[in-house]
Every structure is written in C-alpha cells, then in structure tokens.
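Take a look at the structure below.
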Amino acid sequence: MENESWITPLLRQLQADGRERTLNVLPRAGGRFSIDGREYLNFSCNDYLDLSRDPRVLSRAAETMSRYGAGAGASRLVTGTLACHAELEAALASFQSYPAAIVFGSGCLANVGVLSTVLGRSDVVFADRLVHATIIDGIVLSRAKLCRFAHNDIEQLDSLMTRAAAARRPGFRFLVVTESVFSMDGDRAPLRALCEVASRHEAMLLVDEAHALGVLGPYGAGLVREHGLGNRVNACTATLSKALGSYGGFVACSTELQALLINRSRPFLYSTGLPPASVGAALAALEILRAAPHLGPTLLARAELFRRQLRELGLNVMHSESHILPLLIGDNATALRFSARLKAKGILATAIREPTVPRGTARIRLSVTLAHAEEDLLQAATAISEAARLEGLL
Ligand SMILES: Cc1ncc(COP(=O)(O)O)c(C=O)c1O
C-alpha cells in the first residue's frame, strides 16, 4: 500500500546491516528432529528438560483441554478463572516457596505486568545492563526513572543507588531488577549481594527466573530457592514455556502483591485466561520435576561437559555457568555465516544479533537440553570447531 512505502527502505537497511530476521519453519519443537529424513540437533530451543513432547505432559494437556475447553473464554476477573488456573497458581506458589503466585499470558506479560504495576513515575528502578527486553518494556510502561548498572556490578549499583537516594522523597520507591541466569550470556547474578544492596537502600528486588526454573535449585525451583533468599526477594517472574515445556508466565510473590496485581496489572486484567491445555501441561511438568530432582543436575552436568569440550577446542564461551553457552563471534555477518555452516552439518544454532545483544557481540547461543545425549554434544563441538576454523576464529 502506498502509505507503507517507508517499510521497504527500512527492511533493506536491516538487510544491509546483517540485522534482518526471518521466520524459520520447523516440523516440531524440541532439541532434535528430522527434516526430509535428515537428523538435526536443535541448540536454539529452550525446552531444556525435553518436556514439551513428554507423553505425561501431552496427555495432561489433552485431558485438561477436554475437561475445560480449548480456551478460557474470558479474562480472569470475568469468568476466565477456571479451577485449573487456581490449581496451577497454588502449585507454582508451593513449588517456588512463595505465599502466592499469579499466572499471566506469557513470561513477557508477567514482566510487563508486575513492573508496570509496582512502579510509578516518581520511582526509580535499577536494572542490570543485560536484563531481558520484556523487563525494559515493563519499566518503560511504568514511567519510572531507569538507571542501568553494568552487568553484575554490585559496586556500581550501590553508588547509583546512593546518588539517587539524595533526591528520594518519602514514599518514592526503589526497585532492583535482574535475571538469575542471563538469557544470552548464561552466567548468574550475584543474588546474595543484590539482596544486601537492595535492603541497605530500602529497595524492592525482582528476579526473573525464566532460565533457572526447572534447572537450578532444589527440584528446579530456581536460583532464589537455591540460595534460600525467598524471604528477601519480593517477587520472582518466570515462564512456563522454557523448562516446563508449556506456555504462559507467572509471578511468585506475597499475597499482598498478588492482590495488587489482580486489581491493577493491565496485562492480567485485560487478557483472556491461559488456555487450559497450557495449564495442564505446566501442572504435569511441575509434577515431573517434583518426582525427578535429578533432571536439573543432569542437564547442568551435560552442559559442563560441552563447555569443557568447547573451551578445550579454544572457543570463547564467555562466562557461561549454566546450560546456556554463548559462542562469542563479534560481527553480524560472521555470526550469520557461522550459523549457516552449522546448519549444513545438522546443528541448528541461531545467530543472535543486536538489539538482542549489544552491538559487536553477535553470538551463537547454544542451549543444551536433555534431548542432547553426550555423543550429540561431541558431534556438535566438532562441527562448531570446524566452522570456527573456516571463519578464522581458531
Ligand atoms: C529472561 C526472560 N524473561 C522473560 C522471557 C519471556 O518469556 P515468554 O517467552 O514466556 O514470554 C524470556 C523469553 O525469552 C526471557 O528470556
């Protein structure tokens, strides 16, 4: 259409910068599958525990859907709260050891919903430089002042908070926000130190456990639980769509904060309740985790093996200390070529470029899942080192 003539030059510019994105249609989810008879290992999938196609998850999803319907039919405050939603919220609260939990349409909506509710224009939020885009979107919507501190830099956070405290009036809120396992770097936040700084400055603390849930902590309850900090972290957000293999998001918090979110959080208020199939799938995944506390440690041990193999080959996996391993490349064009070379060898690993990661740090983000056996990791490491050699990175 004529009034859309501005779009084509913009897309051309993205292409020229190596920043154009296109959809890649795959036959199914999960860490491995075949296309036209050829086996692929998928290292760009967040189905960390390989639960998205687990028969127990699938049958509970189908059962819950046939009992309650394909859709919830209304927003949660109207008639869209079904018994399965209440059951899931109770299960999540107990799993996370928080007094309450509230489910949102996605992890994105959970972050946007909680941040835009607990912060207002007089408040200040201190966010790690590398937090997820959905955290930034929630902050922008809240109209709070945003101060970003260098990644995991507690001293800088402390000094920013000290400076901001000079202009703080009674009732003005401070909030510190981080991820527990960083989505694109695979390293962890220094949660204990963050708790100390936040409490010294009378600030709330919010932790996004999207990549830790199901993997770290007892039974996969996350890094906050691993450190026993639930009574010092106001709220944890997480997603049902990564290790739990389903879809949706949630906030684990106090009953007071839960009530506030129910009353004020717009993504909760103005959106239909989560589809019952997703609720059933998440409930089954939580039961699997409770019965199999070894899943997270098994995944972490496999990731450690892979990390060691890659480092021994001379590859830079940055400060990874989880099942997420970034392979630092640098420029967009090389990262795209690298990804294409891997695909030709049966390894799917998407190139991650700005704005998802800072300019000049384009990378291949590798996530190990339980669908990857040890021999798969060895095969992938060999393919990666060959691609690195061809690109002059080794
Ligand atoms: C750290 C983090 N938080 C939140 C989200 C959003 O979760 P969802 O995919 O459920 O919207 C993601 C997903 O990519 C994430 O990596």
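Residue numbering restarts at 1 for every chain of the structure tokens, chains are lettered A, B, ... in their displayed order, and ligands are numbered from 1 as they appear.
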Protein and nucleic acid residues within 8 Å of ligand 1 (only C-alpha atoms and all ligand atoms) as a ChimeraX atom specification: /A:105-111,131-135,179,181-184,208-211,237-242,247-249
Contact residues around Glu312 (chain A) with only C-alpha atoms at 12 Å, ignoring same-chain residues under 6 positions, as a list in words: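 Returned residues: Leu305, Phe306, Leu378, Ala381, Thr382, Ser385 and Leu394 of chain A.
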Could those selected residues go to a file with N, CA, C and O atoms, as a PDB file, in the first residue's frame?
ATOM      1  N   LEU A 305      30.093 -30.568  30.544  1.00  0.00           N
ATOM      2  CA  LEU A 305      30.908 -31.384  29.642  1.00  0.00           C
ATOM      3  C   LEU A 305      31.096 -30.660  28.296  1.00  0.00           C
ATOM      4  O   LEU A 305      32.211 -30.547  27.776  1.00  0.00           O
ATOM      5  N   PHE A 306      29.995 -30.129  27.774  1.00  0.00           N
ATOM      6  CA  PHE A 306      30.007 -29.416  26.491  1.00  0.00           C
ATOM      7  C   PHE A 306      30.904 -28.180  26.584  1.00  0.00           C
ATOM      8  O   PHE A 306      31.714 -27.899  25.703  1.00  0.00           O
ATOM      9  N   LEU A 378      29.370 -34.036  21.596  1.00  0.00           N
ATOM     10  CA  LEU A 378      30.688 -34.208  20.985  1.00  0.00           C
ATOM     11  C   LEU A 378      30.604 -33.903  19.485  1.00  0.00           C
ATOM     12  O   LEU A 378      31.442 -33.192  18.935  1.00  0.00           O
ATOM     13  N   ALA A 381      30.300 -30.188  19.095  1.00  0.00           N
ATOM     14  CA  ALA A 381      31.571 -29.494  19.363  1.00  0.00           C
ATOM     15  C   ALA A 381      32.498 -29.609  18.154  1.00  0.00           C
ATOM     16  O   ALA A 381      33.168 -28.642  17.768  1.00  0.00           O
ATOM     17  N   THR A 382      32.518 -30.781  17.520  1.00  0.00           N
ATOM     18  CA  THR A 382      33.378 -30.974  16.343  1.00  0.00           C
ATOM     19  C   THR A 382      32.906 -30.058  15.204  1.00  0.00           C
ATOM     20  O   THR A 382      33.717 -29.376  14.564  1.00  0.00           O
ATOM     21  N   SER A 385      33.854 -26.477  15.964  1.00  0.00           N
ATOM     22  CA  SER A 385      35.267 -26.119  15.794  1.00  0.00           C
ATOM     23  C   SER A 385      35.621 -26.060  14.302  1.00  0.00           C
ATOM     24  O   SER A 385      36.426 -25.224  13.880  1.00  0.00           O
ATOM     25  N   LEU A 394      39.648 -19.676  14.870  1.00  0.00           N
ATOM     26  CA  LEU A 394      40.536 -20.575  15.627  1.00  0.00           C
ATOM     27  C   LEU A 394      41.886 -20.641  14.939  1.00  0.00           C
ATOM     28  O   LEU A 394      41.949 -20.582  13.698  1.00  0.00           O
TER      29      LEU A 394
END
Option closest in space to Lys343 (chain A), from A:Leu283, A:Ile35, A:Val140, A:Met161 [counting only C-alpha atoms]: A:Ile35
Within 6 Å of Arg32 (chain A) using only C-alpha atoms, minus same-chain residues under 4 positions, as a list in words: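 Answer for this query is Tyr40, Leu41 and Asn42 of chain A.
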Every residue of region 90-319 of chain A that DSSP places in strand (DSSP E), as a VMD selection string: chain A and resid 100 to 104 124 to 128 145 to 149 174 to 179 204 to 208 235 to 239 249 to 253
Residue contacts of Ile364 (chain A) (9 Å, only C-alpha atoms) excluding same-chain residues fewer than 4 positions away, as a VMD selection string: chain A and resid 44 325 to 329 335 to 336 338 to 339 349 to 353
Atomic separation - CA of Leu216 (chain A) relative to CA of Leu370 (chain A), Å: 14.2 Å
Every residue of region 264-307 of chain A that DSSP places in helix (DSSP H, G or I), as a ChimeraX atom specification: /A:264,266-269,276-291,295-307
Residue contacts of Thr369 (chain A) (7 Å, only C-alpha atoms) excluding same-chain residues fewer than 6 positions away, as a ChimeraX atom specification: /A:31,47-50,299
Exercise: Pro355 (chain A) partners within 12 Å, only C-alpha atoms, chain neighbours under 2 positions left out, as number ranges by chain: A: 14, 17-21, 130, 132-133, 184, 332, 352-353, 357-362
Written selection (N, CA and C atoms) as a CSV table (one decimal), in the first residue's frame:
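out-v2.csv written:
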chain,number,residue,atom,x,y,z
A,14,LEU,N,18.0,-2.9,7.2
A,14,LEU,CA,18.2,-4.0,8.2
A,14,LEU,C,19.0,-5.1,7.5
A,17,ASP,N,22.6,-4.2,7.1
A,17,ASP,CA,23.4,-4.2,8.3
A,17,ASP,C,23.5,-5.6,8.9
A,18,GLY,N,23.0,-6.6,8.2
A,18,GLY,CA,23.0,-8.0,8.7
A,18,GLY,C,22.1,-8.2,9.9
A,19,ARG,N,21.0,-7.3,10.0
A,19,ARG,CA,20.1,-7.4,11.1
A,19,ARG,C,18.7,-7.9,10.7
A,20,GLU,N,18.5,-8.2,9.5
A,20,GLU,CA,17.2,-8.7,9.1
A,20,GLU,C,16.9,-10.0,9.7
A,21,ARG,N,15.7,-10.2,10.1
A,21,ARG,CA,15.2,-11.5,10.7
A,21,ARG,C,14.1,-12.1,9.9
A,130,LEU,N,22.1,-6.1,31.2
A,130,LEU,CA,21.8,-7.1,30.3
A,130,LEU,C,20.4,-7.7,30.5
A,132,HIS,N,16.5,-8.7,30.2
A,132,HIS,CA,15.7,-9.1,29.1
A,132,HIS,C,14.8,-7.9,28.6
A,133,ALA,N,14.6,-7.8,27.3
A,133,ALA,CA,13.8,-6.7,26.7
A,133,ALA,C,12.4,-6.6,27.4
A,184,MET,N,21.2,-14.5,27.4
A,184,MET,CA,22.1,-14.5,26.3
A,184,MET,C,23.5,-14.8,26.7
A,332,ASN,N,27.9,-9.3,12.9
A,332,ASN,CA,26.7,-9.9,12.4
A,332,ASN,C,26.9,-10.9,11.3
A,352,ILE,N,22.6,-14.7,17.2
A,352,ILE,CA,21.9,-13.7,18.0
A,352,ILE,C,22.6,-12.4,17.8
A,353,ARG,N,21.9,-11.4,17.3
A,353,ARG,CA,22.5,-10.1,17.0
A,353,ARG,C,21.8,-9.0,17.7
A,357,VAL,N,21.4,-8.6,21.7
A,357,VAL,CA,22.7,-8.4,22.4
A,357,VAL,C,23.4,-7.2,22.0
A,358,PRO,N,24.3,-6.6,22.8
A,358,PRO,CA,25.0,-5.4,22.4
A,358,PRO,C,25.7,-5.5,21.1
A,359,ARG,N,25.7,-4.3,20.4
A,359,ARG,CA,26.4,-4.3,19.1
A,359,ARG,C,27.9,-4.8,19.2
A,360,GLY,N,28.3,-5.6,18.2
A,360,GLY,CA,29.7,-6.0,18.3
A,360,GLY,C,29.9,-7.3,19.1
A,361,THR,N,28.8,-7.8,19.7
A,361,THR,CA,28.9,-9.1,20.4
A,361,THR,C,28.0,-10.1,19.9
A,362,ALA,N,27.7,-10.1,18.5
A,362,ALA,CA,26.9,-11.1,17.9
A,362,ALA,C,27.5,-12.5,18.3
Long-range neighbours of Met65 (chain A) as a list of chain:residue names, 9 Å cut-off, only C-alpha atoms, 6 positions minimum in chain: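 What passes the distance filter is A:Gly71, A:Pro275, A:Pro276, A:Ala277, A:Ser278, A:Val279, A:Gly280.
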Export, as a PDB file, in the first residue's frame, the selected residues with N, CA and C atoms.
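This is the output file result-v2.pdb:
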ATOM      1  N   GLY A  71     -10.306 -22.841  25.101  1.00  0.00           N
ATOM      2  CA  GLY A  71      -9.937 -21.507  25.574  1.00  0.00           C
ATOM      3  C   GLY A  71     -10.620 -21.210  26.897  1.00  0.00           C
ATOM      4  N   PRO A 275      -4.964 -20.694  28.155  1.00  0.00           N
ATOM      5  CA  PRO A 275      -5.717 -21.854  27.659  1.00  0.00           C
ATOM      6  C   PRO A 275      -5.507 -23.079  28.556  1.00  0.00           C
ATOM      7  N   PRO A 276      -6.567 -23.822  28.850  1.00  0.00           N
ATOM      8  CA  PRO A 276      -6.462 -24.984  29.737  1.00  0.00           C
ATOM      9  C   PRO A 276      -5.385 -25.996  29.330  1.00  0.00           C
ATOM     10  N   ALA A 277      -5.164 -26.196  28.029  1.00  0.00           N
ATOM     11  CA  ALA A 277      -4.137 -27.171  27.625  1.00  0.00           C
ATOM     12  C   ALA A 277      -2.769 -26.749  28.158  1.00  0.00           C
ATOM     13  N   SER A 278      -2.476 -25.440  28.092  1.00  0.00           N
ATOM     14  CA  SER A 278      -1.182 -24.957  28.596  1.00  0.00           C
ATOM     15  C   SER A 278      -1.104 -25.120  30.112  1.00  0.00           C
ATOM     16  N   VAL A 279      -2.234 -24.889  30.775  1.00  0.00           N
ATOM     17  CA  VAL A 279      -2.273 -25.032  32.239  1.00  0.00           C
ATOM     18  C   VAL A 279      -2.001 -26.497  32.612  1.00  0.00           C
ATOM     19  N   GLY A 280      -2.671 -27.421  31.920  1.00  0.00           N
ATOM     20  CA  GLY A 280      -2.487 -28.848  32.204  1.00  0.00           C
ATOM     21  C   GLY A 280      -1.044 -29.277  31.951  1.00  0.00           C
TER      22      GLY A 280
END
